[in-house]
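S.K.: Okay, so here is upload-v4.cif, and as you'll see once you scroll down, it has mmCIF, C-alpha atoms.
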data_coords
#
loop_
_atom_site.label_atom_id
_atom_site.label_comp_id
_atom_site.auth_asym_id
_atom_site.auth_seq_id
_atom_site.Cartn_x
_atom_site.Cartn_y
_atom_site.Cartn_z
CA MET A 1 134.96 89.67 145.50
CA SER A 2 133.33 86.22 145.58
CA THR A 3 129.59 85.78 145.45
CA PRO A 4 129.26 85.01 149.20
CA GLU A 5 131.44 87.99 150.04
CA LEU A 6 129.36 90.16 147.75
CA ARG A 7 126.17 88.98 149.41
CA ALA A 8 127.61 89.69 152.84
CA ALA A 9 128.71 93.16 151.73
CA GLU A 10 125.25 93.84 150.32
CA ASP A 11 123.70 92.80 153.63
CA ARG A 12 125.97 95.17 155.51
CA ALA A 13 125.06 97.96 153.09
CA LEU A 14 121.37 97.28 153.62
CA LEU A 15 121.86 97.36 157.36
CA GLY A 16 123.64 100.68 157.04
CA ARG A 17 120.62 102.05 155.22
CA ILE A 18 118.30 100.63 157.88
CA VAL A 19 120.24 102.62 160.45
CA GLU A 20 119.18 105.66 158.47
CA GLY A 21 115.55 104.55 158.62
CA ASP A 22 115.34 103.28 155.03
CA GLU A 23 112.18 101.19 154.82
CA ASP A 24 113.03 99.86 151.37
CA ALA A 25 116.32 98.47 152.67
CA PHE A 26 114.42 96.79 155.48
CA ARG A 27 112.01 95.26 152.98
CA ARG A 28 114.93 94.00 150.90
CA LEU A 29 116.71 92.47 153.88
CA PHE A 30 113.51 90.66 154.76
CA GLY A 31 113.17 89.51 151.18
CA ARG A 32 116.72 88.15 151.17
CA HIS A 33 116.64 86.29 154.46
CA GLY A 34 113.02 86.05 155.57
CA PRO A 35 112.30 82.77 153.74
CA ALA A 36 115.36 81.01 155.16
CA ALA A 37 114.64 82.45 158.60
CA MET A 38 111.12 81.11 158.31
CA GLY A 39 112.47 77.72 157.29
CA LEU A 40 114.65 77.68 160.38
CA ALA A 41 111.92 78.80 162.77
CA ARG A 42 109.48 76.28 161.38
CA ARG A 43 112.02 73.49 161.66
CA VAL A 44 112.61 74.25 165.31
CA VAL A 45 109.15 75.23 166.59
CA ARG A 46 107.15 73.16 164.09
CA GLN A 47 104.23 75.55 164.21
CA PRO A 48 103.87 77.91 161.24
CA HIS A 49 101.95 80.64 163.07
CA LEU A 50 104.51 80.74 165.88
CA ALA A 51 107.38 80.62 163.41
CA GLU A 52 105.89 83.62 161.66
CA GLU A 53 105.70 85.55 164.93
CA ILE A 54 109.27 84.67 165.77
CA VAL A 55 110.61 85.80 162.42
CA GLN A 56 108.66 89.04 162.59
CA GLU A 57 109.92 89.73 166.10
CA ALA A 58 113.48 89.11 165.02
CA PHE A 59 113.25 91.42 162.02
CA LEU A 60 111.49 94.04 164.06
CA GLY A 61 114.41 93.82 166.45
CA VAL A 62 116.70 94.59 163.53
CA TRP A 63 114.63 97.62 162.62
CA ARG A 64 114.60 98.90 166.19
CA ASP A 65 118.28 98.33 166.85
CA PRO A 66 120.35 97.81 163.70
CA GLN A 67 123.32 99.07 165.65
CA GLY A 68 123.21 95.88 167.66
CA TYR A 69 125.01 94.19 164.79
CA ASP A 70 128.76 93.72 165.22
CA ALA A 71 130.59 92.73 162.03
CA GLU A 72 133.41 91.26 164.06
CA ARG A 73 131.08 88.68 165.57
CA GLY A 74 129.71 87.22 162.34
CA SER A 75 127.76 88.06 159.22
CA VAL A 76 124.47 89.93 159.11
CA ARG A 77 122.82 86.70 158.08
CA ALA A 78 124.33 84.84 161.03
CA TRP A 79 123.17 87.61 163.36
CA LEU A 80 119.65 87.39 162.00
CA PHE A 81 119.47 83.62 162.08
CA GLY A 82 120.93 83.65 165.57
CA MET A 83 118.09 85.85 166.78
CA VAL A 84 115.50 83.65 165.08
CA HIS A 85 117.05 80.49 166.47
CA HIS A 86 117.40 81.87 169.97
CA ARG A 87 113.75 82.90 170.05
CA SER A 88 112.68 79.56 168.61
CA VAL A 89 114.62 77.59 171.19
CA ASP A 90 113.32 79.77 174.01
CA LEU A 91 109.82 79.01 172.86
CA ILE A 92 110.10 75.27 172.55
CA ARG A 93 111.90 74.89 175.84
CA ARG A 94 108.82 76.35 177.45
CA GLU A 95 106.49 74.02 175.69
CA GLU A 96 105.29 70.60 176.65
CA ALA A 97 106.27 67.82 174.29
CA GLN A 98 102.71 66.60 173.88
CA ARG A 99 101.44 69.99 172.78
CA ARG A 100 104.27 70.26 170.27
CA ARG A 101 103.40 66.96 168.69
CA ALA A 102 99.73 67.83 168.49
CA ASP A 103 100.43 71.17 166.86
CA GLU A 104 102.77 69.54 164.39
CA MET A 105 99.85 67.55 163.07
CA VAL A 106 97.73 70.69 162.78
CA ALA A 107 100.60 72.53 161.09
CA GLY A 108 100.85 69.81 158.50
CA LEU A 109 97.22 70.23 157.61
CA ARG A 110 97.57 74.02 157.44
CA ASP A 111 100.59 73.78 155.16
CA GLU A 112 98.56 72.00 152.57
CA THR A 113 96.25 74.98 152.19
CA VAL A 114 98.88 77.74 151.93
CA ASP A 115 98.41 80.10 149.00
CA HIS A 116 101.77 80.97 147.49
CA SER A 117 100.36 83.40 144.97
CA ASP A 118 101.55 86.56 146.70
CA GLU A 119 105.05 85.65 147.79
CA VAL A 120 107.47 88.31 148.86
CA ILE A 121 110.73 86.67 147.98
CA GLU A 122 113.45 88.67 146.39
CA GLU A 123 115.71 85.68 146.38
CA LEU A 124 117.52 83.43 147.47
CA ALA A 125 117.25 79.82 146.83
CA ARG A 126 121.01 79.29 147.16
CA PRO A 127 120.65 75.64 146.16
CA GLU A 128 124.38 75.15 145.72
CA GLU A 129 125.14 76.38 149.21
CA ARG A 130 122.41 74.19 150.62
CA ARG A 131 123.82 71.18 148.83
CA LEU A 132 127.34 71.83 150.11
CA VAL A 133 126.22 72.31 153.70
CA ARG A 134 124.16 69.15 153.62
CA ALA A 135 127.13 67.25 152.18
CA ALA A 136 129.41 68.63 154.91
CA LEU A 137 126.91 67.53 157.54
CA GLU A 138 126.72 64.07 156.03
CA ASP A 139 130.51 63.82 156.16
CA LEU A 140 130.57 64.29 159.92
CA PRO A 141 130.89 61.24 162.16
CA ALA A 142 127.36 60.13 163.00
CA GLU A 143 127.67 60.88 166.72
CA GLN A 144 128.86 64.43 166.06
CA ARG A 145 126.17 65.05 163.47
CA ALA A 146 123.52 63.76 165.86
CA VAL A 147 124.57 66.18 168.59
CA LEU A 148 124.58 69.15 166.21
CA GLU A 149 121.18 68.27 164.79
CA GLN A 150 119.60 67.68 168.18
CA MET A 151 121.01 70.92 169.51
CA TYR A 152 120.28 73.14 166.52
CA PHE A 153 117.23 71.69 164.85
CA GLU A 154 115.48 70.21 167.88
CA GLY A 155 116.51 72.93 170.31
CA LEU A 156 117.83 70.55 172.94
CA SER A 157 120.39 71.79 175.43
CA GLN A 158 123.65 69.98 176.08
CA SER A 159 122.32 68.47 179.30
CA GLN A 160 119.06 67.39 177.66
CA ILE A 161 121.04 65.57 174.98
CA ALA A 162 123.21 63.95 177.63
CA GLU A 163 120.15 62.83 179.53
CA ARG A 164 118.39 61.55 176.44
CA SER A 165 121.41 59.70 175.04
CA GLY A 166 122.83 58.47 178.31
CA GLN A 167 126.20 59.99 177.39
CA PRO A 168 128.26 61.99 179.88
CA LEU A 169 127.79 65.73 179.53
CA GLY A 170 131.47 66.15 178.74
CA THR A 171 131.14 63.75 175.81
CA VAL A 172 128.20 65.69 174.40
CA LYS A 173 130.12 68.96 174.67
CA SER A 174 133.21 67.47 173.02
CA ARG A 175 131.15 66.10 170.15
CA ALA A 176 129.47 69.44 169.65
CA LEU A 177 132.82 71.21 169.51
CA LEU A 178 134.45 68.66 167.21
CA GLY A 179 131.44 68.66 164.89
CA MET A 180 131.36 72.43 164.71
CA ARG A 181 135.10 72.58 164.09
CA ARG A 182 134.88 70.15 161.21
CA LEU A 183 131.87 71.86 159.75
CA ARG A 184 133.56 75.22 160.01
CA GLU A 185 136.64 73.92 158.23
CA ALA A 186 134.60 72.21 155.55
CA LEU A 187 132.61 75.35 154.81
CA GLU A 188 135.46 77.81 155.10
CA ASP A 189 135.55 78.41 151.36
CA LEU A 190 131.90 79.38 151.36
CA ASP A 191 132.78 82.31 153.57
CA ARG A 192 129.70 84.06 154.89
CA MET B 1 146.21 86.43 168.00
CA SER B 2 146.51 86.01 171.73
CA THR B 3 148.67 83.32 173.34
CA ARG B 4 146.05 82.81 176.05
CA ASP B 5 144.33 79.47 176.36
CA HIS B 6 141.03 79.61 174.50
CA GLY B 7 140.13 75.93 174.73
CA SER B 8 137.23 76.29 177.16
CA ILE B 9 135.99 79.46 175.53
CA GLU B 10 136.04 77.82 172.11
CA GLU B 11 133.97 74.88 173.31
CA LEU B 12 131.44 77.13 175.00
CA LEU B 13 131.23 79.50 172.02
CA ALA B 14 130.65 76.60 169.63
CA ILE B 15 127.81 75.29 171.78
CA ARG B 16 126.37 78.75 172.37
CA ALA B 17 126.18 79.29 168.60
CA LEU B 18 123.85 76.29 168.58
CA ASP B 19 121.89 77.67 171.57
CA GLY B 20 122.80 74.50 173.46
CA LEU B 21 124.45 75.87 176.57
CA ASP B 22 122.97 75.29 179.98
CA ARG B 23 122.50 78.40 182.08
CA GLU B 24 125.50 77.65 184.25
CA ASP B 25 127.81 77.39 181.27
CA GLU B 26 126.37 80.61 179.87
CA VAL B 27 127.43 82.27 183.09
CA ALA B 28 130.85 80.66 182.84
CA LEU B 29 131.24 81.84 179.25
CA GLU B 30 130.15 85.39 179.97
CA ILE B 31 132.59 85.61 182.83
CA ALA B 32 135.37 84.08 180.75
CA LEU B 33 134.74 86.53 177.90
CA ALA B 34 134.63 89.43 180.31
CA THR B 35 137.88 88.23 181.80
CA HIS B 36 139.53 88.19 178.38
CA GLY B 37 138.26 91.72 177.74
CA ASP B 38 138.82 93.09 174.25
CA CYS B 39 140.00 89.75 172.86
CA ALA B 40 140.50 89.42 169.11
CA THR B 41 140.78 85.62 169.28
CA CYS B 42 137.49 85.40 171.18
CA ARG B 43 135.76 87.52 168.55
CA GLU B 44 137.25 85.46 165.74
CA LEU B 45 136.04 82.25 167.36
CA GLU B 46 132.63 83.71 168.05
CA ALA B 47 132.24 84.95 164.48
CA GLY B 48 133.42 81.63 163.05
CA TYR B 49 130.98 79.54 165.05
CA THR B 50 128.10 81.97 164.62
CA ASP B 51 128.57 81.82 160.87
CA THR B 52 128.84 78.04 160.99
CA ALA B 53 125.52 77.82 162.82
CA ALA B 54 124.02 80.07 160.15
CA PHE B 55 125.14 77.56 157.54
CA LEU B 56 123.13 74.93 159.37
CA ALA B 57 120.08 77.16 158.99
CA ALA B 58 120.92 77.64 155.33
CA SER B 59 120.85 73.89 154.83
CA LEU B 60 117.09 73.95 155.29
CA ASP B 61 114.62 74.62 152.53
CA PRO B 62 113.42 78.24 152.61
CA VAL B 63 109.73 78.80 153.23
CA PRO B 64 107.88 81.15 150.88
CA ILE B 65 106.48 84.14 152.69
CA ILE B 66 103.04 85.35 151.86
CA GLY B 67 102.41 89.09 151.55
CA GLY B 68 100.62 89.36 154.91
CA PRO B 69 103.64 88.89 157.17
CA MET B 70 105.65 91.45 155.23
CA GLU B 71 102.88 94.02 155.47
CA ASN B 72 102.36 93.26 159.16
CA LEU B 73 106.06 93.65 159.72
CA LEU B 74 106.22 96.97 157.91
CA ALA B 75 103.18 98.24 159.79
CA ALA B 76 104.81 97.29 163.08
CA ALA B 77 108.09 98.85 161.97
CA ARG B 78 106.36 102.12 161.14
CA VAL B 79 105.00 102.49 164.66
CA ALA B 80 108.22 101.28 166.27
CA ARG B 81 110.85 103.67 167.43
CA PRO B 82 112.74 104.82 164.33
CA PRO B 83 116.39 103.84 164.14
CA ALA B 84 118.90 106.30 165.56
CA ARG B 85 120.58 108.46 162.95
CA ASP B 86 123.31 110.03 164.98
CA ALA B 87 125.77 107.15 165.28
CA ARG B 88 127.19 104.60 162.88
CA PRO B 89 127.22 100.97 164.04
CA SER B 90 130.99 100.79 164.12
CA ASP B 91 131.28 103.80 166.41
CA GLU B 92 128.73 102.54 168.85
CA LEU B 93 130.06 99.00 168.85
CA ALA B 94 133.59 100.14 169.43
CA ALA B 95 132.32 102.01 172.45
CA ARG B 96 130.43 98.95 173.65
CA ARG B 97 133.48 96.74 173.33
CA SER B 98 135.64 99.14 175.24
CA ARG B 99 133.07 99.19 178.03
CA ARG B 100 133.11 95.40 178.15
CA ALA B 101 136.68 95.16 179.41
CA LEU B 102 136.93 94.65 183.14
CA PRO B 103 139.32 96.38 185.49
CA VAL B 104 142.23 94.17 186.51
CA TRP B 105 140.92 93.46 190.02
CA LEU B 106 137.53 92.54 188.64
CA ALA B 107 139.04 90.28 186.01
CA ALA B 108 141.00 88.46 188.67
CA ALA B 109 137.88 88.03 190.74
CA ALA B 110 135.95 86.80 187.73
CA ALA B 111 138.68 84.28 187.02
CA PHE B 112 138.25 82.99 190.56
CA VAL B 113 134.56 82.48 190.05
CA LEU B 114 135.23 80.78 186.74
CA LEU B 115 137.57 78.45 188.55
CA ALA B 116 134.90 77.73 191.12
CA VAL B 117 132.23 77.18 188.52
CA VAL B 118 134.05 75.16 185.94
CA VAL B 119 137.19 73.68 187.32
CA VAL B 120 136.24 72.57 190.80
CA PRO B 121 133.40 70.27 189.76
CA ARG B 122 135.61 68.73 187.06
CA LEU B 123 138.44 68.16 189.48
CA ALA B 124 135.98 66.45 191.75
CA GLY B 125 135.44 63.93 188.99
CA SER B 126 131.93 64.97 188.15
CA THR B 127 130.72 65.39 184.61
CA ASP B 128 127.84 67.48 185.84
CA VAL B 129 128.99 71.05 186.15
CA THR B 130 125.76 71.96 187.87
CA THR B 131 126.24 69.72 190.90
CA GLU B 132 127.10 72.32 193.47
CA TRP B 133 126.65 75.37 191.32
CA ALA B 134 123.00 74.85 190.47
CA GLN B 135 122.04 75.01 194.11
CA THR B 136 123.36 78.51 194.37
CA VAL B 137 121.90 80.10 191.26
CA VAL B 138 119.14 82.55 192.16
CA ARG B 139 116.95 84.23 189.61
CA PHE B 140 115.51 87.68 190.02
CA ASP B 141 111.88 88.64 189.40
CA GLY B 142 111.03 91.81 187.56
CA ALA B 143 108.90 93.31 184.83
CA GLU B 144 111.62 93.31 182.19
CA GLY B 145 114.79 91.36 181.51
CA GLU B 146 116.40 88.39 183.14
CA LEU B 147 118.92 88.51 185.92
CA ALA B 148 120.54 85.70 187.86
CA MET B 149 123.18 85.59 190.53
CA ALA B 150 125.44 82.74 191.45
CA TYR B 151 127.72 82.15 194.37
CA VAL B 152 129.52 79.43 196.24
CA PRO B 153 127.93 79.06 199.69
CA GLY B 154 130.13 80.32 202.46
CA GLU B 155 132.52 81.98 200.03
CA PRO B 156 132.73 85.69 199.30
CA GLY B 157 131.96 86.75 195.76
CA VAL B 158 128.81 86.79 193.67
CA ALA B 159 128.60 86.56 189.89
CA PHE B 160 125.70 88.35 188.22
CA TRP B 161 124.56 87.52 184.76
CA GLY B 162 121.66 89.10 182.91
CA GLU B 163 120.17 89.51 179.49
CA ASN B 164 117.38 91.44 177.79
CA LEU B 165 117.75 94.14 180.41
CA PRO B 166 116.37 97.50 179.32
CA ASP B 167 118.74 100.43 179.05
CA PRO B 168 118.47 102.27 182.38
CA GLY B 169 118.53 105.59 180.53
CA PRO B 170 120.94 108.49 180.07
CA ASP B 171 123.23 109.02 183.08
CA GLN B 172 121.53 106.14 184.85
CA THR B 173 122.78 102.74 185.93
CA TYR B 174 121.57 99.67 187.76
CA GLU B 175 122.62 99.38 191.38
CA ILE B 176 122.59 96.08 193.22
CA TRP B 177 121.58 95.92 196.89
CA MET B 178 121.87 93.16 199.44
CA ILE B 179 119.05 93.60 201.90
CA ASP B 180 119.83 92.36 205.38
CA ASP B 181 116.90 92.70 207.78
CA GLU B 182 115.46 95.60 205.73
CA THR B 183 118.81 97.37 205.64
CA PRO B 184 120.13 97.80 202.08
CA ILE B 185 123.85 97.21 201.66
CA LYS B 186 125.39 98.53 198.50
CA GLY B 187 126.57 95.80 196.13
CA GLY B 188 127.80 97.88 193.22
CA CYS B 189 126.64 99.47 189.99
CA VAL B 190 126.48 97.91 186.56
CA THR B 191 125.28 99.10 183.16
CA PRO B 192 124.14 96.54 180.59
CA VAL B 193 125.78 96.32 177.19
CA ASP B 194 123.41 95.07 174.50
CA GLY B 195 121.02 94.33 177.35
CA ARG B 196 123.49 91.97 178.97
CA ILE B 197 125.62 92.06 182.04
CA ALA B 198 128.24 89.70 183.42
CA VAL B 199 129.89 91.00 186.52
CA PHE B 200 131.49 89.80 189.70
CA VAL B 201 130.82 91.56 193.00
CA ASP B 202 133.22 90.98 195.85
CA ALA B 203 130.56 90.63 198.53
CA ASN B 204 129.31 87.98 200.91
CA VAL B 205 125.61 87.22 200.83
CA GLY B 206 125.84 84.98 203.88
CA THR B 207 123.29 86.88 206.00
CA THR B 208 121.37 88.49 203.17
CA ASP B 209 117.73 87.51 202.89
CA ARG B 210 116.77 89.53 199.84
CA MET B 211 118.44 91.12 196.81
CA ALA B 212 117.18 94.13 194.89
CA VAL B 213 118.17 96.16 191.88
CA THR B 214 117.28 99.83 191.48
CA VAL B 215 117.87 102.37 188.74
CA GLU B 216 120.20 105.06 190.05
CA PRO B 217 122.32 107.96 188.80
CA THR B 218 125.73 106.90 187.51
CA SER B 219 127.19 108.47 190.65
CA CYS B 220 126.12 105.17 192.26
CA PRO B 221 124.65 106.51 195.53
CA GLU B 222 125.22 104.95 198.94
CA GLU B 223 121.47 104.64 199.61
CA PRO B 224 118.78 103.53 197.15
CA THR B 225 116.80 106.40 195.64
CA GLY B 226 114.96 104.64 192.81
CA ALA B 227 112.26 102.01 192.68
CA GLN B 228 113.20 98.35 192.82
CA VAL B 229 113.03 96.92 189.31
CA LEU B 230 114.33 93.43 190.07
CA THR B 231 114.21 91.46 193.31
CA ALA B 232 115.21 88.03 194.53
CA THR B 233 114.65 86.19 197.76
CA LEU B 234 117.47 84.07 199.10
CA SER B 235 116.37 80.91 200.85
#
Would you kindly transcribe this structure into structure tokens?

M.R.:
Amino acid sequence: MSTPELRAAEDRALLGRIVEGDEDAFRRLFGRHGPAAMGLARRVVRQPHLAEEIVQEAFLGVWRDPQGYDAERGSVRAWLFGMVHHRSVDLIRREEAQRRRADEMVAGLRDETVDHSDEVIEELARPEERRLVRAALEDLPAEQRAVLEQMYFEGLSQSQIAERSGQPLGTVKSRALLGMRRLREALEDLDR
Amino acid sequence: MSTRDHGSIEELLAIRALDGLDREDEVALEIALATHGDCATCRELEAGYTDTAAFLAASLDPVPIIGGPMENLLAAARVARPPARDARPSDELAARRSRRALPVWLAAAAAFVLLAVVVVPRLAGSTDVTTEWAQTVVRFDGAEGELAMAYVPGEPGVAFWGENLPDPGPDQTYEIWMIDDETPIKGGCVTPVDGRIAVFVDANVGTTDRMAVTVEPTSCPEEPTGAQVLTATLS
């Protein structure tokens, strides 16, 4: 079993224990994916305190309904990140752009004073995976990469991207699909 | 693998994995998936694109988590409803998937709506799928969950799409009513799966001025007996 497969199997095992009410398994799952989930939420909402709430809500959702996970629809990690991303996007689509920019400035100041002395991180830097994904993104045609980044990291919908870029909606959708296809193929060996 | 055409579904699944779909395309996707029923190709595509989106998240630098959030989370978890112990995920999910499949007549009706939603605007040369469709999407108001209905004016058939809907409870279901001059007309019963519904009702809302959803026994009574949990006014 490869390392990614092993990680995915461990996640599924942890989830199975969470179904049984195992608090230690829940803590470990949070330790494994909480930091990356926080990185994602912060990237999208740009406000640390809101990102923290989003991540907590998502993990609490896992605790309440671990049976909501379907292995045939993706990895545990993908399920978790999907919940975090969905909540993040919901939030920012309700926000006004001016408020977001103002809070970003405040967040930057707050970040400088964070005390990292009591971190709860079991793992997982995964620097190699991060490097490979970034390389795969860089290899995409610029227009496809732009659509993926605007959609995923900025939380823009397909029609918002079309409006902003002046491209037909159909073009935006095609670029999103082609970009995702290429990325999926490029990262196939990484598995989950 | 199925020999069905999955082109449109693949595009919509890829964009949904990025949370980039507009509401109308979410409706179209839900109806398309429901039409395909227990579709292995659909699940394979969904899993592939969901995992790909997760890789995008993994490309970001992780953020160290201070002890506070973990303790807050555990405290919240301790007061939350404990996880069920009487069913394994695979058993429950298999049951959910089997419930997702539509009867043949419903699948055919859903395919019609999909045609109306997706194909007709494209045939008309528009790149904006929402042109006609957006004018006929009505959202319900209620304490919990989201529900929307969509229809083509003057045409029979209404598509309902909802998410985050609470479980109506054991032996209970949601029943949809079209209220015409204070007279409720039965629209059908539907039970959410994972809090979501995507269903087509073969009804005409032409003279309806208000819609309501009540929680009813699964016998799906002819008259409403429960309180209205979601309502919508048709203009």

S.K.: Would you kindly return, as a VMD selection string, each protein, DNA or RNA residue with an atom no farther than 10 Å from any atom of Ala143 of chain B, considering all atoms listed in the file and excluding same-chain residues fewer than 6 positions away?

M.R.: chain B and resid 165 229 to 230

S.K.: Residue by residue, what does the PyMOL selection byres ((chain B and resi 144) around 8) grab here? Present the result as a VMD selection string.

M.R.: chain B and resid 142 to 143 145 to 146 164 to 166

S.K.: Name the closest residue to chain B among the candidates A:Ile92, A:Ala136, A:Met38, A:Ala51; distances are taken between atoms, counting all atoms listed in the file.

M.R.: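 That would be A:Met38, the residue with the smallest distance to chain B.
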
S.K.: Any idea what's packed within 12 Å of Leu178 of chain A, counting only C-alpha atoms, ignoring anything in its chain fewer than 4 positions away? Could you give it as a ChimeraX atom specification?

M.R.: /A:140-145,147-148,171-174,182-185 /B:7,10-12,14-15,49

S.K.: Mind telling me what the PyMOL selection byres ((chain A) within 6 of (chain B)) catches here, as an MDAnalysis selection string?

M.R.: chainID A and resid 19:21 35:36 38:40 64 67 73:74 78 118:120 130 133:134 151:152 157:158 169:170 177 184

S.K.: For atom CA of Asp181 of chain B and atom CA of Ala159 of chain B, determine how far apart the two atoms are, in Å to one decimal place.

M.R.: 22.2 Å

S.K.: Can you translate the PyMOL selection byres ((chain B and resi 179) around 9) into the concrete residues it hits in this file, as a count of residues only?

M.R.: 15

S.K.: With a distance cut-off of 10 Å and only C-alpha atoms, select the neighbouring residues of Asp11 of chain A, excluding the residue or stretch itself and same-chain residues fewer than 2 positions from it, and output the selection as a PyMOL selection string.

M.R.: chain A and resi 5-9+13-17+25+28-29+32-33+75-77

S.K.: Write out, as a CSV table (one decimal), in the frame of the given file, the residues just selected, with C-alpha atoms.

M.R.:
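To be explicit, this is the file written out as again.csv:
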chain,number,residue,atom,x,y,z
A,5,GLU,CA,131.4,88.0,150.0
A,6,LEU,CA,129.4,90.2,147.8
A,7,ARG,CA,126.2,89.0,149.4
A,8,ALA,CA,127.6,89.7,152.8
A,9,ALA,CA,128.7,93.2,151.7
A,13,ALA,CA,125.1,98.0,153.1
A,14,LEU,CA,121.4,97.3,153.6
A,15,LEU,CA,121.9,97.4,157.4
A,16,GLY,CA,123.6,100.7,157.0
A,17,ARG,CA,120.6,102.0,155.2
A,25,ALA,CA,116.3,98.5,152.7
A,28,ARG,CA,114.9,94.0,150.9
A,29,LEU,CA,116.7,92.5,153.9
A,32,ARG,CA,116.7,88.2,151.2
A,33,HIS,CA,116.6,86.3,154.5
A,75,SER,CA,127.8,88.1,159.2
A,76,VAL,CA,124.5,89.9,159.1
A,77,ARG,CA,122.8,86.7,158.1

S.K.: So how far away is atom CA of Val199 of chain B from atom CA of Gln172 of chain B, in Å?

M.R.: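 Atom-to-atom, atom CA of Gln172 of chain B and atom CA of Val199 of chain B are spaced 17.4 Å apart.
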
S.K.: Hey, can you check how far atom CA of Gly226 of chain B sits from atom CA of Val213 of chain B?

M.R.: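 If I compute the distance from atom CA of Gly226 of chain B to atom CA of Val213 of chain B, I get 9.1 Å.
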
S.K.: For Ile54 of chain A, find every residue with an atom within 9 Å (counting all atoms listed in the file), except residues of its own chain fewer than 2 positions away, and show them as a PyMOL selection string.

M.R.: chain A and resi 38+41+49-52+56-59+83-85+87-88

S.K.: Using all atoms listed in the file, find the one residue out of B:Asp5, B:Asp141, B:Glu24, B:Asp167 that sits nearest to Ile197 of chain B.

M.R.: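 Counting all atoms listed in the file, the residue closest to Ile197 of chain B is B:Asp167.
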
S.K.: Go through B:Ala203, B:Val190, B:Ala232, B:Met149 one by one, measure the shortest atom-to-atom distance of each to Ser219 of chain B using only C-alpha atoms, and give the residue with the smallest value.

M.R.: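 Closest to Ser219 of chain B, using only C-alpha atoms: B:Val190.
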
S.K.: Might I get the box with edges along x, y and z of the file that holds all atoms of segment 19-31 of chain B listed there, padded by 5 Å on every side, given as centre and edge lengths in Å to one decimal, as JSON?

M.R.:
{"center_x": 127.2, "center_y": 80.1, "center_z": 177.9, "size_x": 20.7, "size_y": 21.1, "size_z": 22.7}

S.K.: Counting only C-alpha atoms, figure out which residue out of B:Thr214, B:Pro168, B:Val79, B:Cys39 gets nearest to Thr231 of chain B.

M.R.: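 Result for the nearest residue to Thr231 of chain B: B:Thr214.
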